[in-house]
There are 2 protein chains.
Amino acid sequence: MQKRIYNFSAGPAVLPEDVLKEAQKNLFALPGLGMSILEISHRSKTFDKIITEAKADLKSLLSINDDYELLFLQGGASLQFSMVPLNLMPPKNKADYIVTGSWSKKAVKEAKRVGTVNIAATTEGENFKRIPKQEELKLDPEASYVHFTSNNTIHGTEWYKEPEVGNIPLVCDASSDILHKKIDVSKYAFIYAGAQKNMGPSGVTFIIIRKNMVERSSDSLHTMLNYKIHVENNSLYNTPTTFGIYIIGLVAKWLKKLGGLDAMYRLNKEKADLLYKCIDESGGYYKGHAEKESRSLMNITFNLASEDLEKKLIAEATAAGFDGLKGHRSVGGLRASIYNAFPQKGVEDLVSFMKAFQKKNG
Amino acid sequence: MQKRIYNFSAGPAVLPEDVLKEAQKNLFALPGLGMSILEISHRSKTFDKIITEAKADLKSLLSINDDYELLFLQGGASLQFSMVPLNLMPPKNKADYIVTGSWSKKAVKEAKRVGTVNIAATTEGENFKRIPKQEELKLDPEASYVHFTSNNTIHGTEWYKEPEVGNIPLVCDASSDILHKKIDVSKYAFIYAGAQKNMGPSGVTFIIIRKNMVERSSDSLHTMLNYKIHVENNSLYNTPTTFGIYIIGLVAKWLKKLGGLDAMYRLNKEKADLLYKCIDESGGYYKGHAEKESRSLMNITFNLASEDLEKKLIAEATAAGFDGLKGHRSVGGLRASIYNAFPQKGVEDLVSFMKAFQKKNG
């Protein structure tokens, strides 16, 4: 068994070791099949079972009812920035966007190619340190939908509760916190997530779409950009990323075995609390980027007094087996991404390391 | 080591056993890295080395010069059916399409959403049994490009030599025969291929684009649909299918070790000849679908006297460890897909099986 280190990458990110072991065991040939998962037709009985079970397990984990369809597409959240407005903005061609970070801004950029974007709220003036409060939202009752980003990977903020939007369909980019806790899916019209943080490897986009939203997709849309086509074909209009869907299925089974999303949330909360406590009790040596009431459980962003000190910490941490702690270039500092699969022991060890570093360099 | 069977799937399809073994060995953690290929950032040094080497090896295998850029995108050939006309059809908004099968037709359907499509030739009236002759092509000298499908997976036909199109840029969907032999890339303006036949697992689209074609991409295009963006960002504008690119890199190294594409072609020719010889010498018991001068080396399509007999053969073949021989529903009969990684022994064994079947059921 090869040695593994602590991987704080923001995505693609750490996966459960049990999932990696299972995938490794069967990569040459699936048991009793004589072919690798990499080699089988997406229209085979074996793959049908894989995708059907993955969907059923995800529906069960998130308590999704039959008003919704689940899709596995390609192109990441970035392609959804275009597909969402192309499909869901007509016929009124206007939508509300709540801007809480770089990814929301990218979503806005593509939506503007399709129609009118109303910025319902933005915290850009405060370097995206917080999530806007409900009373700050300026919603247009005529909007085709309201779009928000549930967790902001780069700035390390998170919506603890989705915005209240009345009868306007709620659309969410949940790429970096999908499956980290239970959410009430019935409040949403559309959820999308790149798989490469909490679900599996890169190359799959997971989508939850309320069936009545599909009616908005015009026949004039390019086939591969049309949700209606993908729903009618159960994600198999063309060849999907079969291996990625297989791994997502294994991750869903791992989550079920763990006790589901409430159990997952408790573990995530414990991990994040440990790290935030270390920051808060450092007497200002470590400074969290996000405001306390907006802190992400997935991406913990913080700074030291100087860039030089930050570089020193990152270099020493990397040498000690803590990989991927450098913050995104737009925020600087450090970022510890501790998604579902990140082990508690890794957070404990990082906290010890940070305390020792402060003692030596305080 | 798990037992493997003969996999004649049209795609996703058989991969080299050496590639599967290497990927399996390192799936839990890449040597010396402590993280799985499934978990590493697409912006890490490790992945940079993987994508850089994959591109260099593919450039070397196909003797691609520096006038071209290589891309690894998502969405399969199906998304290229839209991206090609969206990027390359303006400003004249007309293009020539040579229609040689179901996939060409799908490409035409999307191109018509963008501009005027001139069907330069089609063999649909003959159930796509052959590739049109050069003198049959009715090319428009004003066309933005000429599009053709180099190998037709469903009907089992193949262009032995690309069409002569003068100065009009030549665009090719090479999904099912890329890397099966040397081609003169300098004759092409744009080549695209879903990876899941000769290159790797599904979820990656390989693209060769002549640099001067990039200028056609308008800034008004949606970001993810814009070739210029992907070229400028070396396929890393967003997170690509990292694992798929890793496997493609391993396949390229396997091809180089084998002796390159001329060696690969000799093996492919030998395999296809064996199977076609069996068909031709069966006294009409097995009837090839494609005309002899258009026969594909990748997908061998044939029929028996009745559907019942075809079903019997498929059932007995499957039981004997020959998987995936059922023809596509639009052609019926049988199809043996024998891509690069399909072993010669498998073809020999299938031929023996077919001869024995004929003797028993003749």
# chains A, B, ... in the order shown; residues from 1 in each chain; ligands from 1
>>> interface_residues(of="chain A", to="chain B", cutoff="7 Å", atoms="only C-alpha atoms", output="VMD selection string")
chain A and resid 2 to 5 9 11 to 15 20 to 21 24 27 to 29 34 to 35 38 to 41 74 to 75 78 to 79 82 110 201 to 203 222 224 238 to 242
>>> select_by_dssp(residues="region 18-180 of chain A", states="strand (DSSP E or B)", output="NGL selection string")
:A and (68-73 or 94-99 or 116-122 or 146-149 or 151-152 or 157-158 or 170-173)
>>> residues_around(residues="Asn167 (chain A)", least_positions_apart="6", cutoff="10 Å", atoms="only C-alpha atoms", output="list in words")
Pro141, Glu142, Tyr145 and Lys187 of chain A
>>> write_last_selection(atoms="all heavy atoms", output="PDB file, in the first residue's frame")
ATOM      1  N   PRO A 141     -39.621  40.300  -8.582  1.00  0.00           N
ATOM      2  CA  PRO A 141     -40.663  39.257  -8.568  1.00  0.00           C
ATOM      3  C   PRO A 141     -40.941  38.670  -9.950  1.00  0.00           C
ATOM      4  O   PRO A 141     -41.542  37.608 -10.066  1.00  0.00           O
ATOM      5  CB  PRO A 141     -41.895  39.989  -8.009  1.00  0.00           C
ATOM      6  CG  PRO A 141     -41.597  41.438  -8.113  1.00  0.00           C
ATOM      7  CD  PRO A 141     -40.110  41.602  -8.128  1.00  0.00           C
ATOM      8  N   GLU A 142     -40.476  39.358 -10.996  1.00  0.00           N
ATOM      9  CA  GLU A 142     -40.678  38.893 -12.375  1.00  0.00           C
ATOM     10  C   GLU A 142     -39.499  38.065 -12.885  1.00  0.00           C
ATOM     11  O   GLU A 142     -39.496  37.625 -14.039  1.00  0.00           O
ATOM     12  CB  GLU A 142     -40.810  40.106 -13.308  1.00  0.00           C
ATOM     13  CG  GLU A 142     -41.969  41.010 -12.985  1.00  0.00           C
ATOM     14  CD  GLU A 142     -43.202  40.563 -13.732  1.00  0.00           C
ATOM     15  OE1 GLU A 142     -43.295  40.832 -14.938  1.00  0.00           O
ATOM     16  OE2 GLU A 142     -44.062  39.905 -13.094  1.00  0.00           O
ATOM     17  N   TYR A 145     -35.562  33.294 -12.492  1.00  0.00           N
ATOM     18  CA  TYR A 145     -35.022  32.508 -11.378  1.00  0.00           C
ATOM     19  C   TYR A 145     -34.087  33.390 -10.567  1.00  0.00           C
ATOM     20  O   TYR A 145     -33.687  34.468 -11.006  1.00  0.00           O
ATOM     21  CB  TYR A 145     -34.285  31.248 -11.876  1.00  0.00           C
ATOM     22  CG  TYR A 145     -33.128  31.513 -12.820  1.00  0.00           C
ATOM     23  CD1 TYR A 145     -31.848  31.848 -12.348  1.00  0.00           C
ATOM     24  CD2 TYR A 145     -33.306  31.421 -14.205  1.00  0.00           C
ATOM     25  CE1 TYR A 145     -30.798  32.092 -13.219  1.00  0.00           C
ATOM     26  CE2 TYR A 145     -32.258  31.673 -15.085  1.00  0.00           C
ATOM     27  CZ  TYR A 145     -31.005  32.007 -14.586  1.00  0.00           C
ATOM     28  OH  TYR A 145     -29.971  32.259 -15.455  1.00  0.00           O
ATOM     29  N   LYS A 187     -37.013  23.125  -1.856  1.00  0.00           N
ATOM     30  CA  LYS A 187     -36.958  24.592  -1.958  1.00  0.00           C
ATOM     31  C   LYS A 187     -36.271  25.055  -3.246  1.00  0.00           C
ATOM     32  O   LYS A 187     -36.245  26.245  -3.545  1.00  0.00           O
ATOM     33  CB  LYS A 187     -36.195  25.173  -0.759  1.00  0.00           C
ATOM     34  CG  LYS A 187     -36.963  25.079   0.551  1.00  0.00           C
ATOM     35  CD  LYS A 187     -36.233  25.823   1.643  1.00  0.00           C
ATOM     36  CE  LYS A 187     -37.063  25.841   2.926  1.00  0.00           C
ATOM     37  NZ  LYS A 187     -36.260  26.319   4.060  1.00  0.00           N
TER      38      LYS A 187
END
>>> residues_around(residues="region 304-319 of chain B", least_positions_apart="3", cutoff="10 Å", atoms="only C-alpha atoms", output="ChimeraX atom specification")
/B:5-7,284-288,322-327,332-334,350,353-354,357-358,361
>>> write_last_selection(atoms="N, CA and C atoms", output="compact mmCIF listing (two decimals), in the first residue's frame")
# COMPACT_ATOMS: atom_id res chain seq x y z
N ILE B 5 -12.38 -11.01 -20.85
CA ILE B 5 -13.00 -11.62 -22.03
C ILE B 5 -12.70 -10.76 -23.25
N TYR B 6 -13.18 -11.18 -24.42
CA TYR B 6 -12.98 -10.39 -25.64
C TYR B 6 -14.11 -9.36 -25.77
N ASN B 7 -13.73 -8.09 -25.78
CA ASN B 7 -14.68 -6.99 -25.73
C ASN B 7 -14.75 -6.29 -27.08
N GLY B 284 -20.98 -16.62 -48.87
CA GLY B 284 -22.21 -15.84 -48.73
C GLY B 284 -22.95 -16.09 -47.42
N TYR B 285 -22.39 -16.99 -46.58
CA TYR B 285 -23.03 -17.26 -45.28
C TYR B 285 -22.98 -16.00 -44.42
N TYR B 286 -21.81 -15.38 -44.42
CA TYR B 286 -21.67 -14.07 -43.78
C TYR B 286 -21.59 -13.01 -44.88
N LYS B 287 -22.40 -11.98 -44.76
CA LYS B 287 -22.41 -10.93 -45.80
C LYS B 287 -21.96 -9.61 -45.18
N GLY B 288 -20.85 -9.07 -45.67
CA GLY B 288 -20.37 -7.78 -45.17
C GLY B 288 -21.34 -6.66 -45.55
N PHE B 322 -17.23 -13.78 -26.20
CA PHE B 322 -17.08 -12.70 -27.19
C PHE B 322 -18.20 -11.70 -26.93
N ASP B 323 -17.88 -10.58 -26.31
CA ASP B 323 -18.92 -9.64 -25.87
C ASP B 323 -19.08 -8.46 -26.82
N GLY B 324 -20.32 -7.99 -26.98
CA GLY B 324 -20.56 -6.73 -27.69
C GLY B 324 -20.67 -6.86 -29.20
N LEU B 325 -21.08 -8.01 -29.70
CA LEU B 325 -21.10 -8.24 -31.15
C LEU B 325 -22.40 -7.80 -31.83
N LYS B 326 -23.39 -7.40 -31.06
CA LYS B 326 -24.67 -7.00 -31.65
C LYS B 326 -24.49 -5.72 -32.45
N GLY B 327 -24.99 -5.70 -33.68
CA GLY B 327 -24.90 -4.51 -34.52
C GLY B 327 -25.78 -3.38 -33.98
N GLY B 332 -28.62 -3.29 -37.82
CA GLY B 332 -28.89 -4.68 -37.48
C GLY B 332 -27.66 -5.54 -37.66
N GLY B 333 -27.86 -6.85 -37.66
CA GLY B 333 -26.76 -7.77 -37.86
C GLY B 333 -25.71 -7.71 -36.76
N LEU B 334 -24.47 -7.94 -37.18
CA LEU B 334 -23.38 -7.99 -36.20
C LEU B 334 -22.34 -6.92 -36.49
N LEU B 350 -12.37 -15.47 -32.78
CA LEU B 350 -13.71 -15.20 -33.32
C LEU B 350 -13.87 -15.87 -34.69
N PHE B 353 -14.52 -19.42 -34.19
CA PHE B 353 -15.90 -19.56 -33.70
C PHE B 353 -16.89 -19.42 -34.85
N MET B 354 -16.68 -18.43 -35.72
CA MET B 354 -17.62 -18.19 -36.83
C MET B 354 -17.61 -19.36 -37.82
N PHE B 357 -19.48 -22.17 -36.23
CA PHE B 357 -20.92 -21.86 -36.22
C PHE B 357 -21.52 -22.13 -37.60
N GLN B 358 -20.80 -21.73 -38.64
CA GLN B 358 -21.29 -21.95 -40.01
C GLN B 358 -21.44 -23.44 -40.29
N ASN B 361 -24.46 -24.70 -38.42
CA ASN B 361 -25.75 -24.09 -38.79
C ASN B 361 -25.82 -23.72 -40.27
>>> residues_around(residues="Glu291 (chain B)", least_positions_apart="4", cutoff="10 Å", atoms="only C-alpha atoms", output="list in words")
Phe128, Lys129, Arg130, Ile131, Gly156, Thr157, Arg295 and Ser296 of chain B
>>> write_last_selection(atoms="C-alpha atoms", output="short mmCIF file (atom, residue, chain, number, x, y, z; two decimals), in the first residue's frame")
data_model
loop_
_atom_site.label_atom_id
_atom_site.label_comp_id
_atom_site.auth_asym_id
_atom_site.auth_seq_id
_atom_site.Cartn_x
_atom_site.Cartn_y
_atom_site.Cartn_z
CA PHE B 128 -24.30 4.23 -46.11
CA LYS B 129 -22.60 1.15 -47.55
CA ARG B 130 -19.78 3.16 -49.04
CA ILE B 131 -17.70 6.33 -48.93
CA GLY B 156 -18.48 0.09 -40.78
CA THR B 157 -17.03 2.26 -43.52
CA ARG B 295 -14.47 -1.29 -45.47
CA SER B 296 -13.54 -0.01 -42.01
#
>>> atom_distance(atom1="CA of Phe206 (chain A)", atom2="CA of Phe148 (chain A)")
16.4 Å
>>> atom_distance(atom1="CA of Lys92 (chain A)", atom2="CA of Val185 (chain A)")
24.9 Å
>>> atom_distance(atom1="CA of Leu70 (chain A)", atom2="CA of Lys55 (chain A)")
6.7 Å
>>> residues_around(residues="Asn151 (chain B)", least_positions_apart="3", cutoff="6 Å", atoms="only C-alpha atoms", output="JSON, numbers by chain")
{"B": [157, 158, 176, 177]}
>>> decode(residues="region 342-355 of chain B", atoms="all heavy atoms", output="tab-separated table (two decimals), in the first residue's frame")
chain	number	residue	atom	x	y	z
B	342	PHE	N	-7.61	-3.94	-29.32
B	342	PHE	CA	-8.20	-5.28	-29.40
B	342	PHE	C	-7.14	-6.29	-29.84
B	342	PHE	O	-6.47	-6.09	-30.86
B	342	PHE	CB	-9.39	-5.30	-30.37
B	342	PHE	CG	-10.19	-6.56	-30.22
B	342	PHE	CD1	-11.25	-6.63	-29.34
B	342	PHE	CD2	-9.84	-7.71	-30.93
B	342	PHE	CE1	-11.96	-7.81	-29.16
B	342	PHE	CE2	-10.54	-8.90	-30.76
B	342	PHE	CZ	-11.61	-8.95	-29.88
B	343	PRO	N	-6.99	-7.39	-29.10
B	343	PRO	CA	-5.89	-8.33	-29.39
B	343	PRO	C	-6.15	-9.20	-30.63
B	343	PRO	O	-7.27	-9.64	-30.87
B	343	PRO	CB	-5.84	-9.20	-28.13
B	343	PRO	CG	-7.21	-9.14	-27.55
B	343	PRO	CD	-7.78	-7.79	-27.92
B	344	GLN	N	-5.08	-9.44	-31.38
B	344	GLN	CA	-5.14	-10.29	-32.58
B	344	GLN	C	-5.73	-11.67	-32.23
B	344	GLN	O	-6.53	-12.23	-32.98
B	344	GLN	CB	-3.72	-10.45	-33.13
B	344	GLN	CG	-3.56	-11.57	-34.15
B	344	GLN	CD	-3.08	-11.05	-35.49
B	344	GLN	OE1	-2.77	-9.86	-35.65
B	344	GLN	NE2	-3.02	-11.92	-36.46
B	345	LYS	N	-5.32	-12.20	-31.09
B	345	LYS	CA	-5.81	-13.52	-30.66
B	345	LYS	C	-7.34	-13.54	-30.59
B	345	LYS	O	-7.97	-14.55	-30.93
B	345	LYS	CB	-5.20	-13.84	-29.28
B	345	LYS	CG	-5.61	-15.17	-28.67
B	345	LYS	CD	-4.92	-16.34	-29.34
B	345	LYS	CE	-5.03	-17.64	-28.53
B	345	LYS	NZ	-6.39	-18.14	-28.35
B	346	GLY	N	-7.93	-12.43	-30.20
B	346	GLY	CA	-9.38	-12.35	-30.10
B	346	GLY	C	-10.04	-12.46	-31.47
B	346	GLY	O	-11.11	-13.05	-31.62
B	347	VAL	N	-9.39	-11.87	-32.48
B	347	VAL	CA	-9.92	-11.97	-33.84
B	347	VAL	C	-9.78	-13.41	-34.36
B	347	VAL	O	-10.71	-13.98	-34.93
B	347	VAL	CB	-9.21	-10.97	-34.78
B	347	VAL	CG1	-9.75	-11.10	-36.20
B	347	VAL	CG2	-9.39	-9.54	-34.29
B	348	GLU	N	-8.61	-13.98	-34.10
B	348	GLU	CA	-8.39	-15.37	-34.52
B	348	GLU	C	-9.43	-16.30	-33.90
B	348	GLU	O	-10.02	-17.15	-34.59
B	348	GLU	CB	-6.98	-15.83	-34.12
B	348	GLU	CG	-5.88	-15.16	-34.94
B	348	GLU	CD	-4.49	-15.34	-34.31
B	348	GLU	OE1	-4.36	-16.07	-33.30
B	348	GLU	OE2	-3.54	-14.72	-34.84
B	349	ASP	N	-9.68	-16.11	-32.61
B	349	ASP	CA	-10.64	-16.96	-31.92
B	349	ASP	C	-12.05	-16.73	-32.45
B	349	ASP	O	-12.84	-17.68	-32.58
B	349	ASP	CB	-10.60	-16.70	-30.40
B	349	ASP	CG	-9.33	-17.25	-29.77
B	349	ASP	OD1	-8.52	-17.87	-30.50
B	349	ASP	OD2	-9.14	-17.07	-28.55
B	350	LEU	N	-12.37	-15.47	-32.78
B	350	LEU	CA	-13.71	-15.20	-33.32
B	350	LEU	C	-13.87	-15.87	-34.69
B	350	LEU	O	-14.92	-16.44	-34.99
B	350	LEU	CB	-13.95	-13.69	-33.44
B	350	LEU	CG	-15.30	-13.30	-34.05
B	350	LEU	CD1	-16.47	-13.74	-33.15
B	350	LEU	CD2	-15.41	-11.79	-34.32
B	351	VAL	N	-12.83	-15.81	-35.49
B	351	VAL	CA	-12.88	-16.45	-36.81
B	351	VAL	C	-13.13	-17.96	-36.67
B	351	VAL	O	-13.99	-18.54	-37.35
B	351	VAL	CB	-11.59	-16.14	-37.61
B	351	VAL	CG1	-11.45	-17.08	-38.80
B	351	VAL	CG2	-11.59	-14.67	-38.07
B	352	SER	N	-12.40	-18.59	-35.77
B	352	SER	CA	-12.61	-20.03	-35.52
B	352	SER	C	-14.05	-20.27	-35.09
B	352	SER	O	-14.71	-21.21	-35.57
B	352	SER	CB	-11.69	-20.54	-34.41
B	352	SER	OG	-10.36	-20.28	-34.74
B	353	PHE	N	-14.52	-19.42	-34.19
B	353	PHE	CA	-15.90	-19.56	-33.70
B	353	PHE	C	-16.89	-19.42	-34.85
B	353	PHE	O	-17.85	-20.21	-34.96
B	353	PHE	CB	-16.16	-18.51	-32.62
B	353	PHE	CG	-17.57	-18.52	-32.11
B	353	PHE	CD1	-17.94	-19.35	-31.06
B	353	PHE	CD2	-18.55	-17.71	-32.70
B	353	PHE	CE1	-19.25	-19.38	-30.60
B	353	PHE	CE2	-19.86	-17.73	-32.24
B	353	PHE	CZ	-20.21	-18.57	-31.20
B	354	MET	N	-16.68	-18.43	-35.72
B	354	MET	CA	-17.62	-18.19	-36.83
B	354	MET	C	-17.61	-19.36	-37.82
B	354	MET	O	-18.66	-19.76	-38.34
B	354	MET	CB	-17.26	-16.88	-37.55
B	354	MET	CG	-17.69	-15.63	-36.78
B	354	MET	SD	-16.98	-14.09	-37.45
B	354	MET	CE	-17.76	-13.99	-39.07
B	355	LYS	N	-16.41	-19.92	-38.06
B	355	LYS	CA	-16.33	-21.07	-38.98
B	355	LYS	C	-17.06	-22.27	-38.39
B	355	LYS	O	-17.81	-22.96	-39.10
B	355	LYS	CB	-14.85	-21.41	-39.24
B	355	LYS	CG	-14.20	-20.43	-40.20
B	355	LYS	CD	-12.76	-20.82	-40.53
B	355	LYS	CE	-12.18	-19.81	-41.52
B	355	LYS	NZ	-10.70	-19.95	-41.63
